[in-house]
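Engineer: My structure is in structure19.txt, and what it holds is compact mmCIF, C-alpha atoms:
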```txt
# COMPACT_ATOMS: atom_id res chain seq x y z
CA MET T 1 96.25 -131.38 -187.19
CA LYS T 2 98.13 -128.21 -186.31
CA LYS T 3 95.31 -127.00 -184.15
CA ASN T 4 95.04 -130.44 -182.53
CA PHE T 5 98.69 -130.43 -181.59
CA THR T 6 98.55 -126.92 -180.13
CA ASP T 7 95.47 -127.90 -178.16
CA SER T 8 97.15 -131.04 -176.86
CA VAL T 9 100.20 -129.04 -175.67
CA LEU T 10 98.00 -126.52 -173.89
CA LYS T 11 95.90 -129.35 -172.47
CA THR T 12 99.02 -131.03 -171.04
CA ILE T 13 100.16 -127.73 -169.52
CA ARG T 14 96.78 -127.25 -167.87
CA ALA T 15 96.31 -130.89 -166.81
CA LYS T 16 99.77 -131.18 -165.27
CA LYS T 17 99.60 -127.61 -163.96
CA ILE T 18 102.99 -126.84 -165.45
CA THR T 19 104.03 -123.27 -164.83
CA PRO T 20 107.00 -121.36 -166.21
CA ARG T 21 109.96 -121.35 -163.85
CA GLU T 22 110.35 -118.19 -161.81
CA ARG T 23 112.93 -115.61 -162.85
CA SER T 24 114.68 -116.13 -159.51
CA TYR T 25 115.45 -119.72 -160.57
CA PHE T 26 117.42 -118.49 -163.58
CA ILE T 27 119.12 -115.73 -161.60
CA ALA T 28 120.17 -118.21 -158.89
CA LYS T 29 121.46 -120.61 -161.53
CA THR T 30 123.53 -117.86 -163.14
CA VAL T 31 124.89 -116.67 -159.79
CA ILE T 32 125.91 -120.23 -158.82
CA GLN T 33 127.60 -120.79 -162.15
CA ILE T 34 129.51 -117.52 -162.01
CA ALA T 35 130.51 -118.09 -158.36
CA ALA T 36 131.75 -121.57 -159.25
CA GLY T 37 133.66 -120.08 -162.16
CA ILE T 38 135.32 -117.47 -159.94
CA ALA T 39 136.17 -120.11 -157.30
CA PHE T 40 137.79 -122.33 -159.90
CA PHE T 41 139.67 -119.36 -161.32
CA LEU T 42 141.01 -118.61 -157.84
CA PHE T 43 142.04 -122.21 -157.21
CA GLY T 44 143.65 -122.31 -160.62
CA MET T 45 145.64 -119.15 -159.90
CA LEU T 46 146.74 -120.50 -156.51
CA SER T 47 147.93 -123.66 -158.21
CA VAL T 48 149.87 -121.69 -160.79
CA ALA T 49 151.39 -119.59 -158.01
CA LEU T 50 152.50 -122.82 -156.34
CA VAL T 51 154.01 -124.14 -159.56
CA PHE T 52 155.90 -120.87 -160.04
CA HIS T 53 157.11 -121.10 -156.47
CA LEU T 54 158.33 -124.67 -156.99
CA ILE T 55 160.13 -123.70 -160.19
CA ASN T 56 161.69 -120.69 -158.48
CA ASN T 57 162.99 -122.93 -155.77
CA PHE T 58 164.68 -125.38 -158.10
CA ALA T 59 162.11 -128.04 -157.42
CA PHE T 60 162.58 -129.32 -160.94
CA ALA T 61 165.99 -128.13 -162.05
CA GLU T 62 168.01 -130.85 -160.37
CA PHE T 63 165.74 -133.52 -161.78
CA ILE T 64 166.07 -132.14 -165.27
CA LEU T 65 169.84 -131.93 -164.91
CA ASN T 66 170.59 -135.07 -162.99
CA HIS T 67 167.58 -137.32 -162.73
CA PRO T 68 165.69 -137.26 -165.99
CA GLN T 69 164.43 -140.74 -165.20
CA LEU T 70 162.64 -139.36 -162.16
CA LEU T 71 161.15 -136.47 -164.04
CA ARG T 72 157.94 -138.31 -164.71
CA LYS T 73 157.61 -139.17 -161.04
CA LEU T 74 158.32 -135.58 -160.10
CA PHE T 75 155.77 -134.39 -162.59
CA TRP T 76 153.02 -136.41 -160.96
CA PHE T 77 154.04 -135.52 -157.44
CA GLY T 78 155.75 -132.17 -157.76
CA VAL T 79 153.42 -130.43 -160.17
CA PRO T 80 150.17 -130.43 -158.27
CA VAL T 81 147.86 -132.87 -159.92
CA PHE T 82 144.96 -130.85 -158.68
CA TRP T 83 145.89 -128.06 -161.07
CA VAL T 84 145.17 -130.35 -163.97
CA VAL T 85 141.98 -131.58 -162.32
CA LEU T 86 140.89 -128.07 -161.51
CA SER T 87 141.60 -126.89 -165.01
CA VAL T 88 139.34 -129.60 -166.36
CA LEU T 89 136.68 -128.61 -163.85
CA LEU T 90 137.23 -124.97 -164.67
CA TRP T 91 136.75 -125.78 -168.32
CA PHE T 92 133.53 -127.57 -167.44
CA VAL T 93 132.29 -124.64 -165.37
CA ILE T 94 133.07 -122.17 -168.11
CA GLU T 95 131.38 -124.41 -170.61
CA GLN T 96 128.31 -124.43 -168.39
CA ILE T 97 128.33 -120.67 -167.97
CA VAL T 98 128.85 -120.24 -171.67
CA ARG T 99 126.18 -122.71 -172.64
CA GLU T 100 123.56 -121.72 -170.17
CA THR T 101 123.90 -118.06 -169.55
CA LYS T 102 125.96 -116.12 -172.04
CA ARG T 103 126.72 -116.10 -175.73
CA VAL T 104 130.43 -116.67 -175.30
CA TYR T 105 130.00 -119.83 -177.38
CA ARG T 106 130.28 -117.45 -180.31
CA MET T 107 134.00 -117.28 -179.46
CA SER T 108 136.06 -120.18 -180.69
CA PHE T 109 137.05 -122.87 -178.21
CA GLY T 110 140.74 -122.11 -178.69
CA VAL T 111 140.28 -118.42 -177.84
CA ILE T 112 138.32 -119.27 -174.68
CA GLY T 113 140.99 -121.79 -173.70
CA ILE T 114 143.83 -119.32 -174.24
CA LEU T 115 141.95 -116.65 -172.26
CA VAL T 116 141.28 -119.00 -169.37
CA LEU T 117 144.87 -120.19 -169.20
CA SER T 118 146.27 -116.66 -169.61
CA ILE T 119 144.15 -115.34 -166.75
CA GLN T 120 145.23 -118.28 -164.57
CA VAL T 121 148.90 -117.91 -165.40
CA LEU T 122 148.91 -114.12 -165.04
CA GLY T 123 146.95 -114.30 -161.77
CA GLY T 124 149.25 -117.07 -160.52
CA PHE T 125 152.32 -115.00 -161.38
CA ILE T 126 150.95 -111.99 -159.48
CA LEU T 127 150.08 -114.17 -156.48
CA GLU T 128 153.57 -115.71 -156.51
CA GLN T 129 155.08 -112.21 -156.48
CA SER T 130 153.09 -111.61 -153.28
CA GLN T 131 154.53 -114.77 -151.68
CA VAL T 132 151.21 -116.59 -151.94
CA GLY T 133 152.83 -119.54 -153.70
CA GLU T 134 155.18 -120.04 -150.78
CA GLN T 135 152.28 -119.93 -148.33
CA VAL T 136 150.39 -122.54 -150.33
CA ASP T 137 153.52 -124.72 -150.43
CA LEU T 138 153.90 -124.41 -146.66
CA ILE T 139 150.26 -125.21 -145.96
CA PHE T 140 150.33 -128.21 -148.29
CA GLU T 141 153.51 -129.53 -146.77
CA GLN T 142 152.09 -129.26 -143.29
CA ARG T 143 148.69 -130.67 -144.04
CA MET T 144 148.94 -133.04 -146.95
CA ASN T 145 150.72 -136.33 -146.60
CA TRP T 146 151.14 -136.95 -150.29
CA TYR T 147 152.61 -133.52 -150.87
CA HIS T 148 154.94 -133.90 -147.91
CA GLY T 149 156.03 -137.28 -149.31
CA ALA T 150 156.74 -135.74 -152.68
CA GLN T 151 158.88 -133.03 -151.13
CA LYS T 152 160.93 -135.72 -149.41
CA ILE T 153 162.47 -136.56 -152.76
CA ASN T 154 163.61 -132.96 -153.00
CA ARG T 155 165.01 -132.96 -149.52
CA ARG T 156 166.99 -136.10 -150.17
CA LEU T 157 168.73 -134.20 -152.93
CA GLU T 158 169.67 -131.44 -150.54
CA ARG T 159 172.15 -133.92 -149.11
CA MET T 160 173.69 -134.66 -152.50
CA PRO T 161 175.96 -131.82 -153.68
CA GLU T 162 177.50 -134.24 -156.18
CA HIS T 163 174.18 -133.99 -158.02
CA GLY T 164 174.48 -130.23 -158.27
CA PHE T 165 172.35 -129.22 -155.33
CA LEU T 166 173.53 -127.58 -152.13
CA VAL T 167 171.63 -126.28 -149.13
CA GLY T 168 173.12 -124.69 -146.06
CA GLU T 169 173.76 -121.71 -143.85
CA VAL T 170 176.10 -118.88 -144.81
CA LEU T 171 179.08 -118.77 -142.45
CA LYS T 172 180.90 -115.89 -144.03
CA VAL T 173 180.60 -113.64 -147.05
CA LYS T 174 184.13 -113.13 -148.30
CA SER T 175 183.37 -111.27 -151.51
CA ASP T 176 180.70 -110.79 -154.10
CA SER T 177 181.60 -114.09 -155.65
CA LEU T 178 182.81 -116.20 -152.74
CA ILE T 179 181.00 -117.33 -149.62
CA PHE T 180 181.55 -120.00 -147.00
CA LEU T 181 178.64 -122.24 -146.28
CA ASN T 182 177.81 -124.95 -143.77
CA ASP T 183 175.59 -127.60 -145.38
CA ILE T 184 172.89 -129.58 -143.62
CA MET T 185 175.35 -132.45 -143.07
CA ASN T 186 177.49 -129.91 -141.20
CA LYS T 187 180.17 -129.83 -143.84
CA GLU T 188 181.89 -126.60 -144.70
CA TRP T 189 181.96 -125.42 -148.32
CA GLU T 190 183.64 -122.74 -150.36
CA VAL T 191 181.00 -121.55 -152.74
CA TYR T 192 181.81 -119.56 -155.86
CA LEU T 193 178.85 -117.53 -157.08
CA GLU T 194 179.17 -117.60 -160.83
CA SER T 195 175.94 -116.21 -162.16
CA LYS T 196 175.77 -113.15 -164.40
CA ARG T 197 172.17 -112.63 -163.40
CA ARG T 198 172.30 -111.94 -159.68
CA PRO T 199 169.21 -112.84 -157.64
CA PRO T 200 167.62 -109.69 -156.18
CA PHE T 201 168.71 -110.12 -152.57
CA GLU T 202 171.87 -109.63 -150.58
CA ILE T 203 173.60 -112.65 -149.08
CA LYS T 204 174.28 -112.19 -145.40
CA LYS T 205 175.90 -114.25 -142.69
CA GLY T 206 173.46 -116.70 -141.10
CA MET T 207 171.20 -116.77 -144.13
CA LYS T 208 169.98 -120.16 -145.38
CA LEU T 209 170.47 -120.74 -149.08
CA ARG T 210 169.44 -123.30 -151.69
CA MET T 211 171.78 -123.50 -154.64
CA ILE T 212 172.14 -125.33 -157.89
CA GLY T 213 175.41 -125.70 -159.70
CA GLU T 214 178.33 -128.05 -159.82
CA MET T 215 180.63 -129.67 -157.26
CA ARG T 216 184.19 -128.80 -158.16
CA GLY T 217 186.19 -130.45 -155.43
CA GLU T 218 185.81 -132.03 -152.02
CA ASN T 219 184.78 -128.70 -150.46
CA GLU T 220 184.22 -126.49 -153.49
CA PHE T 221 180.97 -125.71 -155.19
CA LYS T 222 180.20 -123.54 -158.19
CA ALA T 223 176.71 -122.03 -157.80
CA ILE T 224 174.89 -120.93 -160.91
CA ASP T 225 171.70 -119.90 -159.13
CA TRP T 226 170.65 -119.49 -155.50
CA LYS T 227 167.59 -118.67 -153.45
CA PRO T 228 166.87 -118.16 -149.78
CA ALA T 229 165.93 -121.52 -148.23
CA ARG T 230 162.97 -121.89 -145.94
CA ASP T 231 163.03 -123.84 -142.69
CA ARG T 232 161.13 -126.95 -143.51
CA ARG T 233 159.10 -128.10 -140.59
CA PRO T 234 157.63 -131.58 -140.32
CA PRO T 235 154.01 -131.87 -141.34
CA LEU T 236 151.42 -130.85 -138.82
CA HIS T 237 150.06 -134.35 -138.21
CA LYS T 238 153.56 -135.56 -137.32
CA ARG T 239 154.12 -132.62 -135.01
CA ARG T 240 150.80 -133.27 -133.35
CA ASN T 241 151.70 -136.91 -132.73
CA SER T 242 155.06 -136.04 -131.28
CA PHE T 243 153.41 -133.46 -129.07
CA LYS T 244 150.99 -136.07 -127.76
CA LYS T 245 153.85 -138.44 -127.13
CA ASP T 246 155.68 -135.76 -125.15
CA GLU T 247 152.55 -135.05 -123.16
CA ARG T 248 152.19 -138.70 -122.22
CA GLY T 249 155.81 -138.91 -121.21
CA MET T 250 158.16 -141.77 -121.93
CA ARG T 251 156.65 -145.12 -121.06
CA PRO T 252 158.70 -148.28 -120.63
CA PRO T 253 158.51 -150.85 -123.46
CA PHE T 254 155.57 -153.18 -123.31
CA HIS T 255 157.55 -156.28 -122.20
CA ASN T 256 159.09 -154.30 -119.33
CA ARG T 257 155.70 -153.16 -118.20
CA LEU T 258 154.57 -156.76 -117.92
CA GLU T 259 157.30 -157.61 -115.45
CA MET M 1 89.52 -115.95 -178.04
CA LYS M 2 92.10 -113.30 -178.92
CA ASP M 3 93.98 -113.53 -182.20
CA PHE M 4 97.74 -113.41 -181.61
CA SER M 5 98.83 -114.12 -185.15
CA THR M 6 99.90 -110.52 -185.80
CA TYR M 7 102.27 -110.44 -182.81
CA SER M 8 106.00 -111.06 -183.16
CA ASP M 9 107.68 -113.89 -181.21
CA GLU M 10 109.29 -111.41 -178.86
CA GLN M 11 105.92 -109.80 -178.14
CA LEU M 12 104.34 -113.19 -177.55
CA ILE M 13 106.80 -114.19 -174.80
CA PRO M 14 105.59 -111.77 -172.10
CA LEU M 15 102.01 -112.25 -173.26
CA SER M 16 102.38 -116.04 -172.89
CA LEU M 17 103.26 -115.62 -169.24
CA GLU M 18 99.90 -113.98 -168.70
CA ASN M 19 97.81 -115.85 -171.21
CA GLU M 20 98.34 -119.47 -172.25
CA GLU M 21 96.53 -118.77 -175.53
CA ALA M 22 99.47 -116.59 -176.57
CA PHE M 23 101.74 -119.55 -175.99
CA GLY M 24 99.35 -121.57 -178.14
CA GLU M 25 100.21 -119.16 -180.98
CA ILE M 26 103.94 -119.88 -180.47
CA VAL M 27 103.25 -123.63 -180.60
CA HIS M 28 101.09 -123.18 -183.68
CA ARG M 29 103.77 -121.07 -185.36
CA TYR M 30 106.64 -123.47 -184.81
CA GLU M 31 104.97 -126.86 -184.80
CA SER M 32 105.23 -127.68 -188.49
CA ARG M 33 108.75 -126.22 -188.87
CA LEU M 34 110.04 -128.21 -185.93
CA ARG M 35 108.19 -131.35 -187.01
CA ARG M 36 109.96 -131.18 -190.39
CA TYR M 37 113.26 -130.43 -188.74
CA VAL M 38 113.05 -133.37 -186.33
CA PHE M 39 112.07 -135.68 -189.19
CA ARG M 40 114.95 -134.41 -191.25
CA ILE M 41 117.64 -134.88 -188.67
CA ALA M 42 116.39 -138.04 -187.03
CA SER M 43 113.78 -139.74 -189.21
CA PHE M 44 111.97 -140.99 -186.14
CA PRO M 45 108.52 -142.56 -186.44
CA GLU M 46 105.58 -140.16 -186.30
CA GLU M 47 104.65 -140.98 -182.67
CA GLU M 48 108.18 -140.34 -181.45
CA VAL M 49 108.35 -137.02 -183.27
CA GLU M 50 105.04 -136.09 -181.68
CA GLU M 51 106.49 -136.92 -178.28
CA ILE M 52 109.66 -134.94 -178.94
CA LEU M 53 107.62 -131.94 -180.03
CA GLN M 54 105.48 -132.14 -176.89
CA ASP M 55 108.67 -132.23 -174.81
CA VAL M 56 110.17 -129.33 -176.74
CA PHE M 57 107.18 -127.07 -176.26
CA LEU M 58 106.81 -127.99 -172.59
CA SER M 59 110.48 -127.16 -172.13
CA VAL M 60 110.00 -123.85 -173.96
CA TRP M 61 107.04 -123.11 -171.68
CA LYS M 62 108.95 -123.96 -168.49
CA ASN M 63 112.00 -121.93 -169.46
CA LEU M 64 110.22 -118.98 -170.99
CA ARG M 65 111.50 -116.60 -168.31
CA GLY M 66 115.07 -117.78 -168.88
CA PHE M 67 115.05 -116.94 -172.59
CA ASP M 68 118.05 -114.82 -173.48
CA THR M 69 116.64 -111.99 -175.56
CA LYS M 70 120.02 -111.43 -177.21
CA ILE M 71 119.37 -114.39 -179.48
CA LYS M 72 116.48 -114.96 -181.84
CA PHE M 73 113.56 -116.80 -180.33
CA SER M 74 113.49 -119.18 -183.31
CA SER M 75 117.17 -120.10 -182.70
CA TRP M 76 116.37 -120.87 -179.09
CA VAL M 77 113.40 -123.07 -180.03
CA TYR M 78 115.47 -124.86 -182.67
CA ARG M 79 118.23 -125.40 -180.11
CA ILE M 80 115.83 -127.06 -177.69
CA ALA M 81 114.40 -129.22 -180.48
CA HIS M 82 117.89 -130.11 -181.67
CA ASN M 83 119.07 -131.09 -178.19
CA ARG M 84 115.96 -133.16 -177.46
CA THR M 85 116.23 -135.00 -180.74
CA ILE M 86 119.94 -135.67 -180.37
CA SER M 87 119.56 -136.92 -176.80
CA LEU M 88 116.75 -139.24 -177.86
CA PHE M 89 118.84 -140.34 -180.79
CA ARG M 90 121.73 -141.15 -178.45
CA LYS M 91 119.34 -143.09 -176.24
CA PHE M 92 118.16 -145.23 -179.13
CA LYS M 93 121.56 -145.21 -180.87
CA THR M 94 119.78 -144.98 -184.20
CA ARG M 95 118.04 -142.33 -186.20
CA GLY M 96 115.25 -144.67 -187.03
CA ARG M 97 116.33 -145.13 -190.60
CA ASP M 98 115.41 -148.79 -190.61
CA LYS M 99 112.05 -148.08 -189.04
CA GLU M 100 108.81 -147.09 -190.62
CA THR M 101 108.98 -143.31 -190.48
CA GLY M 102 106.79 -140.45 -191.45
CA LEU M 103 109.38 -139.28 -193.98
CA THR M 104 108.28 -138.07 -197.32
CA PRO M 105 110.82 -137.28 -200.02
CA ASP M 106 109.63 -133.67 -200.32
CA LEU M 107 111.04 -133.06 -196.85
CA PHE M 108 114.42 -133.13 -198.52
CA LEU M 109 113.74 -130.53 -201.11
CA PRO M 110 116.16 -127.72 -200.34
CA THR M 111 114.60 -124.35 -199.61
CA THR M 112 117.42 -122.08 -200.66
CA GLU M 113 118.85 -121.10 -203.99
CA ASN M 114 122.31 -121.63 -202.58
CA PHE M 115 121.97 -125.32 -202.31
CA ILE M 116 120.55 -125.58 -205.79
CA ASP M 117 123.50 -123.55 -207.01
CA ASP M 118 125.87 -125.93 -205.38
CA PHE M 119 124.10 -129.16 -206.11
CA ASP M 120 122.16 -130.00 -209.16
CA SER M 121 118.49 -129.20 -208.83
CA GLN M 122 117.74 -132.32 -210.80
CA ILE M 123 118.77 -134.49 -207.91
CA ASN M 124 115.53 -135.58 -206.44
CA ALA M 125 114.78 -135.29 -202.77
CA LYS M 126 114.98 -138.99 -202.17
CA LEU M 127 118.55 -139.09 -203.42
CA ILE M 128 119.46 -136.09 -201.29
CA GLN M 129 118.00 -137.88 -198.32
CA SER M 130 120.07 -141.01 -198.96
CA ALA M 131 123.21 -138.93 -199.54
CA LEU M 132 122.63 -137.06 -196.27
CA GLU M 133 122.29 -140.38 -194.49
CA GLU M 134 125.69 -141.42 -195.78
CA ILE M 135 127.62 -138.49 -194.30
CA PRO M 136 128.41 -138.10 -190.58
CA ASN M 137 125.58 -136.70 -188.49
CA LYS M 138 127.32 -133.47 -187.58
CA TYR M 139 127.59 -132.64 -191.27
CA SER M 140 124.09 -133.67 -192.24
CA GLU M 141 122.69 -131.68 -189.30
CA ILE M 142 124.44 -128.50 -190.35
CA LEU M 143 123.44 -128.92 -194.00
CA ILE M 144 119.84 -129.40 -192.92
CA LEU M 145 119.92 -126.29 -190.75
CA ARG M 146 121.51 -124.20 -193.48
CA PHE M 147 119.84 -125.40 -196.64
CA PHE M 148 116.58 -126.98 -195.54
CA GLU M 149 115.66 -124.88 -192.51
CA ASP M 150 117.13 -121.81 -194.19
CA LEU M 151 118.86 -120.52 -191.06
CA SER M 152 121.62 -117.93 -191.24
CA TYR M 153 125.15 -118.65 -189.96
CA ASP M 154 124.35 -116.51 -186.91
CA GLU M 155 121.26 -118.54 -186.13
CA ILE M 156 123.05 -121.86 -186.67
CA ALA M 157 125.78 -120.71 -184.27
CA ASP M 158 123.08 -120.06 -181.67
CA VAL M 159 121.35 -123.38 -182.30
CA LEU M 160 124.52 -125.45 -182.12
CA LYS M 161 126.23 -123.19 -179.57
CA CYS M 162 129.40 -122.70 -181.50
CA SER M 163 131.26 -119.88 -183.20
CA ILE M 164 130.36 -118.57 -186.64
CA GLY M 165 133.81 -119.67 -187.78
CA THR M 166 133.01 -123.21 -186.70
CA VAL M 167 129.71 -123.04 -188.57
CA SER M 168 131.37 -121.98 -191.82
CA THR M 169 134.09 -124.60 -191.45
CA LEU M 170 131.53 -127.31 -190.77
CA ILE M 171 129.40 -126.22 -193.72
CA ALA M 172 132.40 -126.24 -196.06
CA ARG M 173 133.41 -129.72 -194.87
CA ALA M 174 129.84 -130.96 -195.02
CA LYS M 175 129.51 -129.78 -198.63
CA LYS M 176 132.72 -131.57 -199.51
CA LYS M 177 131.53 -134.79 -197.90
CA PHE M 178 128.14 -134.46 -199.54
CA ARG M 179 129.77 -133.95 -202.93
CA ALA M 180 131.94 -137.03 -202.40
CA VAL M 181 128.91 -139.14 -201.51
CA ILE M 182 127.05 -137.88 -204.56
CA ASP M 183 129.99 -138.93 -206.73
CA GLU M 184 130.15 -142.28 -205.03
CA LEU M 185 126.44 -142.93 -205.46
CA ASN M 186 126.66 -141.84 -209.10
CA ILE M 187 123.97 -139.27 -208.64
CA PRO M 188 123.83 -137.05 -211.73
CA PHE M 189 125.53 -133.81 -210.82
CA SER M 190 126.00 -130.87 -213.15
CA LYS M 191 129.12 -129.21 -211.62
```
Would you mind writing the file out in C-alpha cells?

Structural biologist:
Amino acid sequence: MKKNFTDSVLKTIRAKKITPRERSYFIAKTVIQIAAGIAFFLFGMLSVALVFHLINNFAFAEFILNHPQLLRKLFWFGVPVFWVVLSVLLWFVIEQIVRETKRVYRMSFGVIGILVLSIQVLGGFILEQSQVGEQVDLIFEQRMNWYHGAQKINRRLERMPEHGFLVGEVLKVKSDSLIFLNDIMNKEWEVYLESKRRPPFEIKKGMKLRMIGEMRGENEFKAIDWKPARDRRPPLHKRRNSFKKDERGMRPPFHNRLE
Amino acid sequence: MKDFSTYSDEQLIPLSLENEEAFGEIVHRYESRLRRYVFRIASFPEEEVEEILQDVFLSVWKNLRGFDTKIKFSSWVYRIAHNRTISLFRKFKTRGRDKETGLTPDLFLPTTENFIDDFDSQINAKLIQSALEEIPNKYSEILILRFFEDLSYDEIADVLKCSIGTVSTLIARAKKKFRAVIDELNIPFSK
C-alpha cells in the first residue's frame, strides 16, 4: 500500500508535469512582503506623527474640556481613521511575513503587537519633531474633503473664547506674562500667560497664536497653554474652483443674460 | 533504482530536486505518519484522507525550494498536512465523525510515557478517541500532536505557528479539559 501511494504521487507529478517552484518565486514573495511591511510601517508612523501634531495643537483639548459630547465625533473625524485601518493592515502584513517567511511566530502575539506599536509611536514621535506631522496635516487639509470638514469643527471653536479657546495675532508683548492679542473676529484681548511650563518659543509681535485657557472677562483671557498658529488656507479643490471662476470673470445672473 | 533510505530528510531535499525518486523516499517516509495524523485530527473517510495526502505531498513538492531550513523538515510537512486537513474540515464543517471512517481504535493509543503517566493506561483507545471528540478541536489537535505524534514543544510551535509559551498553555488547558471529560464520561481514571 505504501509503495502504491508513493508511486501514485510520483505518477501524478510526472503526468501533470508538476515542477518545484523556482527559488526566485520565494525570494520575490519575501521581498514583496517585506516591502509591504515597510510601507505600512511608514504610513503608520506618518499617521502617528499627525496624531501627535493634532494633540500638540489642542485639536482635542477643547473637546475634552468643553464638548465631551462631541468627543466621539471628533474621535472619528479628528483621529485619522486610516491609522486604525492601516494598523489592521500592518498587522495582517506582519502576520503574513511571520507566517510565510520567518520564525517570528515563536514570539508571542502580545510581544509582536507591542513591538509594532512601539516602533510606530516612536517613529511617529521622531517624525513629528521634524515637522512631518504638520506637513501631513496641511496636505490632508488641502486635498481631502473629509479631513477639511473635520477641521471645520475646530475652526468654529476658534471663534468661541467662552469655550476656552482663543486664536489671534499678537499686537504687543507687555511682559513675560501679559500680551495683547487681536482675535480672528478682530477683537482685542488682554491675555495673561499663566503656565509654569513655558512652550519653547518666544512670543513676538505679529505672531499668530492658538491658546487654550479660560475667559475671565469681556476682554481678558487666561492662557494655560499656547502654540504658534498656522495660516489655514482653503482646500486645494476650493482654491482651484475660485481660480477658475476668476479666470472666467464675473458673468451676469442667468435671468439677466436671457434679457 | 537508487536506495535513498539511509539519507536524512535534509539530504533528501536537494536530491529530490534532481531526482524524483529521492522525493519518493520522502513520501514513503511520511505517508503512514501523516495518514495516521490526518485520521486522528479529522476522522475523514479513507478516500478523503488519500486525497489530502496527495495534496500535501504535491504541495511539499511544489514548495521544496521554499523550505526554511531553520525548522525541522518533519514540522514543515506536518504543518502542511495540518493546514490542508483543517481547511478541508472547515469546508465540510464536520470532521466526519458521523461518517464511515477508516478509524481504528489503536490509532488512539498514546505513544508517549507522559500521557500514560497523566492518564490511566487502562483507558482503552476507543474511550480516548471519544473523549478527544468531546473537547474543542484546538485542544484535541494539540494533544494529538504532543502525545500521539510524539512531537516536541518546539516542533508543535512550528507546526501550529505559535510560540512555545502558547503551546505549553494550550497543552495544560487541553489536559484539564480532557480530564474533565473523562470524569464526565465516568471513564476509570487512576489519578

Engineer: Tell me, as a PDB file with C-alpha atoms, keeping the file's coordinate frame, which residues lie within 9 Å of M:Glu10, counting only C-alpha atoms; anything in the same chain fewer than 3 positions away does not count.

Structural biologist:
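Listed below is the output, selection_11.pdb:
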```pdb
ATOM      1  CA  TYR M   7     102.270-110.440-182.810  1.00  0.00           C
ATOM      2  CA  ILE M  13     106.800-114.190-174.800  1.00  0.00           C
ATOM      3  CA  PRO M  14     105.590-111.770-172.100  1.00  0.00           C
ATOM      4  CA  THR M  69     116.640-111.990-175.560  1.00  0.00           C
ATOM      5  CA  LYS M  72     116.480-114.960-181.840  1.00  0.00           C
ATOM      6  CA  PHE M  73     113.560-116.800-180.330  1.00  0.00           C
TER       7      PHE M  73
END
```

Engineer: When you look at stretch 17-27 of chain T with a cut-off of 12 Å (counting all atoms listed in the file), what residues show up, excluding the ones that are within fewer than 5 positions of it in the same chain? I need them as number ranges by chain.

Structural biologist: T: 9-12, 32-34, 97, 100-101; M: 13-14, 16-20, 23, 57-68

Engineer: From the list T:Lys16, T:Lys174, T:Arg156, T:Arg216, which residue is nearest chain M when using only C-alpha atoms?

Structural biologist: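 Under the stated criterion, the closest residue is T:Lys16.
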
Engineer: Please identify all polymer residues within 7 Å of stretch 160-172 of chain T, counting only C-alpha atoms, omitting same-chain residues fewer than 4 positions from it, and present them as a list in words.

Structural biologist: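 Here the answer would be Glu62, Asn66, Ile179, Phe180, Leu181, Asn182, Asp183, Ile184, Lys204, Lys205, Gly206, Met207, Lys208, Leu209, Arg210, Met211, Ile212, Gly213, Glu214 and Met215 of chain T.
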
Engineer: Select, counting all atoms listed in the file, all protein, DNA and RNA residues no farther than 9 Å from (100.3, -128.7, -184.2) in file coordinates, and express the selection as number ranges by chain.

Structural biologist: T: 1-9; M: 27-32, 35

Engineer: Give me, please, the distance in Å between atom CA of T:Gly44 and atom CA of T:Glu141, quoted to one decimal.

Structural biologist: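 Atom-to-atom, atom CA of T:Gly44 and atom CA of T:Glu141 are spaced 18.5 Å apart.
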
Engineer: Could you work out how far atom CA of M:Tyr78 lies from atom CA of M:Ile156, giving the answer in Å with one decimal?

Structural biologist: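 Computing it gives 9.1 Å between the two atoms.
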